[in-house]
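Below you'll find the structure, written out as structure tokens, and then a few comments.
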2 protein chains.
Amino acid sequence: MEETTIYMQGAVCPVPIRERGQIIMGHGSGGKLSHDLIGRYFMPPFDNEALRPGDDSGVVQIAGTRLALSADSHVVWPLFFPGGDIGRLAVCGTVNDLAMVGATPLYLTAGFILEEGLPIGLLERVVESMQAAVAEAGVELVAGDTKVVERGKADGLFISAAGVGLLPEKRTIGGALAQPGDVVILSGTMGDHGIAVLYARGELGFETAVTSDVAPLNHLVAGLLAATDQVHVMRDPTRGGVATALNEIARQSQVGIVLAEKALPIRPAVRAACEMLGFDPLYIANEGKLLAVVGREDADKALAALRAHPYGQDAAVIGEVRADPRGRVLMKTAIGSTRIVDVLAGEMLPRIC
Amino acid sequence: MEETTIYMQGAVCPVPIRERGQIIMGHGSGGKLSHDLIGRYFMPPFDNEALRPGDDSGVVQIAGTRLALSADSHVVWPLFFPGGDIGRLAVCGTVNDLAMVGATPLYLTAGFILEEGLPIGLLERVVESMQAAVAEAGVELVAGDTKVVERGKADGLFISAAGVGLLPEKRTIGGALAQPGDVVILSGTMGDHGIAVLYARGELGFETAVTSDVAPLNHLVAGLLAATDQVHVMRDPTRGGVATALNEIARQSQVGIVLAEKALPIRPAVRAACEMLGFDPLYIANEGKLLAVVGREDADKALAALRAHPYGQDAAVIGEVRADPRGRVLMKTAIGSTRIVDVLAGEMLPRIC
């Protein structure tokens with residue numbers, strides 16, 4: 001790649017930096033550009049055993065205890081949307097990342113970046129919402145930080161959450177553990193969060209009753225893991241949607257995943273919105289759903305456990321794992337053809353979480 | 001307080017919020033307004049045993065192991081300054097918060113909020129700097145997240161770090177443990193970070209050779225704790241400076257602290273800059289210094305241990321703890337008078353970390 005040296009402006013002491021292009025909105029999509037950025041600029045310098053698998057949480061060992069650590073920054077706009085807000089999103093995002101590796105989420109931290117002029121009453125509402133989500137998840141927020149930037153240097157409120165969870169001793173769940181023969185389960189309908197946020201932005205152009213699915217999934221996961229020891233992979237299909245999350249799993253496990261289009265749970269209102277906007281619901285963000293790759297013999301147990309919880313009522317088997325094509329996701333369409341389901345390329349819905 | 005209901009703008013679904021005024025820059029100062037905001041709007045809803053003490057890290061217990069958890073968001077401007085940058089700052093801020101409760105920092109997480117248009121080469125330099133600080137501290141970064149916002153909705157790059165550290169079994173260090181008779185030690189010169197950042201902003205109006213002290217203090221702390229078991233309190237005097245940190249300790253411990261002005265270590269260049277700008281160095285941020293409140297009988301051991309480390313060469317006893325006046329900090333001035341040293345009121349240097 002071509003390199004030239006430029007100097008950072010705006011400061012007395014000029015700082016030479018290598019020119020490698022600029023950040024674009026697609027780098028935050030959760031799709032291909034995000035993976036490229038992280039794979040190229042973040043993973044090599046920080047490389048270590050916990051980071052390398054590329055799962056939702058890093059797994060570490062402290063004094064003989066296995067812990068999961070996770071971090072998420074939230075920049076969703078608008079701050080409030082049908083079914084949730086940035087506070088509930090921040091808590092659930094971190095709780096869910098911990099739950100996806102099989103950990104019991106225990107403690108969270110939160111860093112707030114506030115824009116000068118933010119109404120304090122709005123901050124108060126967000127904090128109330130966070131506390132409700134913390135209580136629902138059964139975790140505690142034990143450390144925090146608040147920074148303020150000048151008007152015009154942020155967008156109201158950003159929240160960065162991190163968390164720690166306890167891993168069971170004899171169980172390993174990770175993106176690299178999908179095996180040919182496994183079934184792929186989705187815990188409910190696709191795309192609710194993304195469409196609800198678009199609606200809140202006034203970008204739909206029509207009314208919809210869709211609300212975000214944003215929810216803490218740790219109790220749903222606890223029920224699933226109690227019902228079967230054959231859960232090999234879990235992942236919450238947030239930015240980039242179900243398609244991108246499944247591609248990550250296919251690549252990590254070096255397996256093929258074949259989806260059945262007819263089996264995909266989608267609310268009619270979400271389907272209608274996607275058709276009008278030209279979106280594929282497979283790429284729309286979810287904030288209260290999980291994908292589980294489960295040994296086929298326990299598929300029914302897993303489904304029953306998920307459906308027994310309010311957040312898993314619409315759980316369905318949506319596909320299966322095969323040996324080939326390695327690292328790819330295919331879909332059997334409703335009309336009987338097969339198409340490749342790739343990771344999200346470029347940017348679809350910026351600032352969805 | 002007067003309450004009216006207003007509606008958040010910019011979204012299809014109006015959100016009623018209670019009007020309680022707006023966030024101003026002083027809410028991020030680390031001083032009185034920060035304490036008021038946190039004490040009123042964050043502490044009551046999230047109240048729990050780990051949060052209540054108000055120390056630099058929350059202390060929790062997982063599977064019989066005592067851990068410290070900490071979080072910091074960083075919005076420093078400019079991103080690079082003499083002696084450091086936002087990446088080194090983010091790592092050191094979290095490492096130091098863990099070290100201040102006596103924990104051995106082990107694992108970090110990082111969330112990046114990037115502004116569209118940020119040169120990738122600049123991000124690469126920041127990540128390199130973080131990695132160098134991570135290596136120096138001997139910790140690992142095990143989870144991360146990247147979000148992108150539109151041009152004009154952030155200011156280049158914000159980094160939120162969180163961390164976990166292991167606490168020794170039989171040792172408790174906290175802001176409430178200062179005792180009358182203890183001495184107060186500062187590990188080196190005051191105000192270097194704040195003045196270096198002001199210089200980088202072009203706001204000094206003159207040249208200076210001051211560089212930021214930003215550094216990971218965990219090895220310095222390890223040496224101190226190995227030398228004496230009489231360390232009662234540690235705190236890193238960042239935003240709000242030495243004056244604000246000591247006021248926090250005096251309030252938490254319900255003791256008086258009396259400083260000796262003549263004993264305060266200050267670089268001549270920092271003193272000169274403060275005199276020209278009308279700043280009191282007691283309120284200027286440090287990012288590589290610690291305050292230690294130590295039993296008097298071990299003061300010499302503590303000083304020797306600090307001075308044996310490059311980051312503690314200029315360590316000095318700067319004051320002592322008394323029974324009265326409870327919750328207040330006083331200073332014996334160079335001319336023999338006594339004055340009250342209060343917490344930082346309002347805003348002094350915005351976006352210093």
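FYI, nothing fancy with the structure tokens labels: chains A, B, ... in order, residues from 1 per chain, ligands from 1 as they appear.
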- Task: Residues of chain A no more than 6 Å from chain B, counting only C-alpha atoms: send them over as a PyMOL selection string.
- Result: chain A and resi 11-12+17-25+28+50-51+58+70-73+109+111+116-122+142-145+147-148+153-155+200-202
- Message: Which of region 112-290 of chain B end up as helix (DSSP H, G or I) when DSSP is run on this backbone - answer as a PyMOL selection string?
- Response: chain B and resi 120-137+192-200+218-227+241-253+261-263+268-277+281-283
- For Val242 (chain B), please output as a ChimeraX atom specification all residues within 10 Å (counting only C-alpha atoms; exclusion window: fewer than 4 positions along the same chain). /B:186,190-191,235-238,246-248,281-286,289-291,341,343-344
Dump as a PDB file, in the first residue's frame, selection limited to N, CA and C atoms:
```
ATOM      1  N   LEU B 186       3.407  12.488  47.742  1.00  0.00           N
ATOM      2  CA  LEU B 186       3.134  12.650  46.310  1.00  0.00           C
ATOM      3  C   LEU B 186       4.340  12.074  45.574  1.00  0.00           C
ATOM      4  N   MET B 190       3.970  18.072  40.237  1.00  0.00           N
ATOM      5  CA  MET B 190       2.557  18.328  39.945  1.00  0.00           C
ATOM      6  C   MET B 190       2.373  19.096  38.638  1.00  0.00           C
ATOM      7  N   GLY B 191       1.331  18.736  37.915  1.00  0.00           N
ATOM      8  CA  GLY B 191       0.843  19.599  36.831  1.00  0.00           C
ATOM      9  C   GLY B 191       1.466  19.393  35.472  1.00  0.00           C
ATOM     10  N   ARG B 235      -4.277   7.311  45.509  1.00  0.00           N
ATOM     11  CA  ARG B 235      -5.165   7.921  44.511  1.00  0.00           C
ATOM     12  C   ARG B 235      -4.299   8.634  43.475  1.00  0.00           C
ATOM     13  N   ASP B 236      -4.682   8.536  42.205  1.00  0.00           N
ATOM     14  CA  ASP B 236      -3.926   9.279  41.195  1.00  0.00           C
ATOM     15  C   ASP B 236      -4.635  10.609  40.941  1.00  0.00           C
ATOM     16  N   PRO B 237      -3.920  11.707  41.150  1.00  0.00           N
ATOM     17  CA  PRO B 237      -4.548  13.025  41.065  1.00  0.00           C
ATOM     18  C   PRO B 237      -4.659  13.491  39.616  1.00  0.00           C
ATOM     19  N   THR B 238      -5.688  13.010  38.912  1.00  0.00           N
ATOM     20  CA  THR B 238      -5.875  13.361  37.500  1.00  0.00           C
ATOM     21  C   THR B 238      -6.699  14.650  37.416  1.00  0.00           C
ATOM     22  N   LEU B 246      -7.124  15.084  47.214  1.00  0.00           N
ATOM     23  CA  LEU B 246      -6.962  15.111  48.675  1.00  0.00           C
ATOM     24  C   LEU B 246      -8.274  15.458  49.372  1.00  0.00           C
ATOM     25  N   ASN B 247      -9.063  16.322  48.759  1.00  0.00           N
ATOM     26  CA  ASN B 247     -10.377  16.625  49.335  1.00  0.00           C
ATOM     27  C   ASN B 247     -11.272  15.387  49.353  1.00  0.00           C
ATOM     28  N   GLU B 248     -11.191  14.593  48.289  1.00  0.00           N
ATOM     29  CA  GLU B 248     -11.978  13.352  48.266  1.00  0.00           C
ATOM     30  C   GLU B 248     -11.573  12.445  49.430  1.00  0.00           C
ATOM     31  N   PRO B 281      -1.152  25.155  40.488  1.00  0.00           N
ATOM     32  CA  PRO B 281      -0.734  23.799  40.097  1.00  0.00           C
ATOM     33  C   PRO B 281      -1.414  22.697  40.910  1.00  0.00           C
ATOM     34  N   LEU B 282      -1.935  23.037  42.081  1.00  0.00           N
ATOM     35  CA  LEU B 282      -2.645  22.036  42.888  1.00  0.00           C
ATOM     36  C   LEU B 282      -3.881  21.498  42.179  1.00  0.00           C
ATOM     37  N   TYR B 283      -4.372  22.231  41.167  1.00  0.00           N
ATOM     38  CA  TYR B 283      -5.602  21.817  40.475  1.00  0.00           C
ATOM     39  C   TYR B 283      -5.332  21.293  39.072  1.00  0.00           C
ATOM     40  N   ILE B 284      -4.055  21.249  38.678  1.00  0.00           N
ATOM     41  CA  ILE B 284      -3.726  20.825  37.313  1.00  0.00           C
ATOM     42  C   ILE B 284      -3.608  19.296  37.271  1.00  0.00           C
ATOM     43  N   ALA B 285      -4.089  18.710  36.184  1.00  0.00           N
ATOM     44  CA  ALA B 285      -4.144  17.245  36.069  1.00  0.00           C
ATOM     45  C   ALA B 285      -2.760  16.626  35.935  1.00  0.00           C
ATOM     46  N   ASN B 286      -2.628  15.461  36.560  1.00  0.00           N
ATOM     47  CA  ASN B 286      -1.449  14.602  36.421  1.00  0.00           C
ATOM     48  C   ASN B 286      -1.925  13.265  35.886  1.00  0.00           C
ATOM     49  N   LYS B 289       1.205  10.233  38.323  1.00  0.00           N
ATOM     50  CA  LYS B 289       1.568  10.492  39.712  1.00  0.00           C
ATOM     51  C   LYS B 289       0.548   9.835  40.624  1.00  0.00           C
ATOM     52  N   LEU B 290       0.996   9.542  41.837  1.00  0.00           N
ATOM     53  CA  LEU B 290       0.061   9.026  42.832  1.00  0.00           C
ATOM     54  C   LEU B 290       0.255   9.741  44.151  1.00  0.00           C
ATOM     55  N   LEU B 291      -0.842   9.842  44.868  1.00  0.00           N
ATOM     56  CA  LEU B 291      -0.831  10.255  46.258  1.00  0.00           C
ATOM     57  C   LEU B 291      -0.928   8.996  47.102  1.00  0.00           C
ATOM     58  N   VAL B 341      -7.768  24.625  51.122  1.00  0.00           N
ATOM     59  CA  VAL B 341      -7.619  24.129  49.749  1.00  0.00           C
ATOM     60  C   VAL B 341      -8.906  23.376  49.418  1.00  0.00           C
ATOM     61  N   VAL B 343     -12.039  21.790  46.731  1.00  0.00           N
ATOM     62  CA  VAL B 343     -12.084  21.048  45.468  1.00  0.00           C
ATOM     63  C   VAL B 343     -12.189  22.054  44.338  1.00  0.00           C
ATOM     64  N   LEU B 344     -11.836  21.590  43.150  1.00  0.00           N
ATOM     65  CA  LEU B 344     -11.946  22.439  41.971  1.00  0.00           C
ATOM     66  C   LEU B 344     -13.410  22.830  41.778  1.00  0.00           C
TER      67      LEU B 344
END
```
- In region 169-274 of chain A, what's strand (DSSP E) per DSSP? Answer as a list in words?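 Selecting the strand (DSSP E) positions of region 169-274 of chain A gives Val183, Val184, Ile185, Leu186, Val231, His232, Val233, Met234, Arg235, Gly256, Ile257, Val258, Leu259 and Ala260 of chain A.
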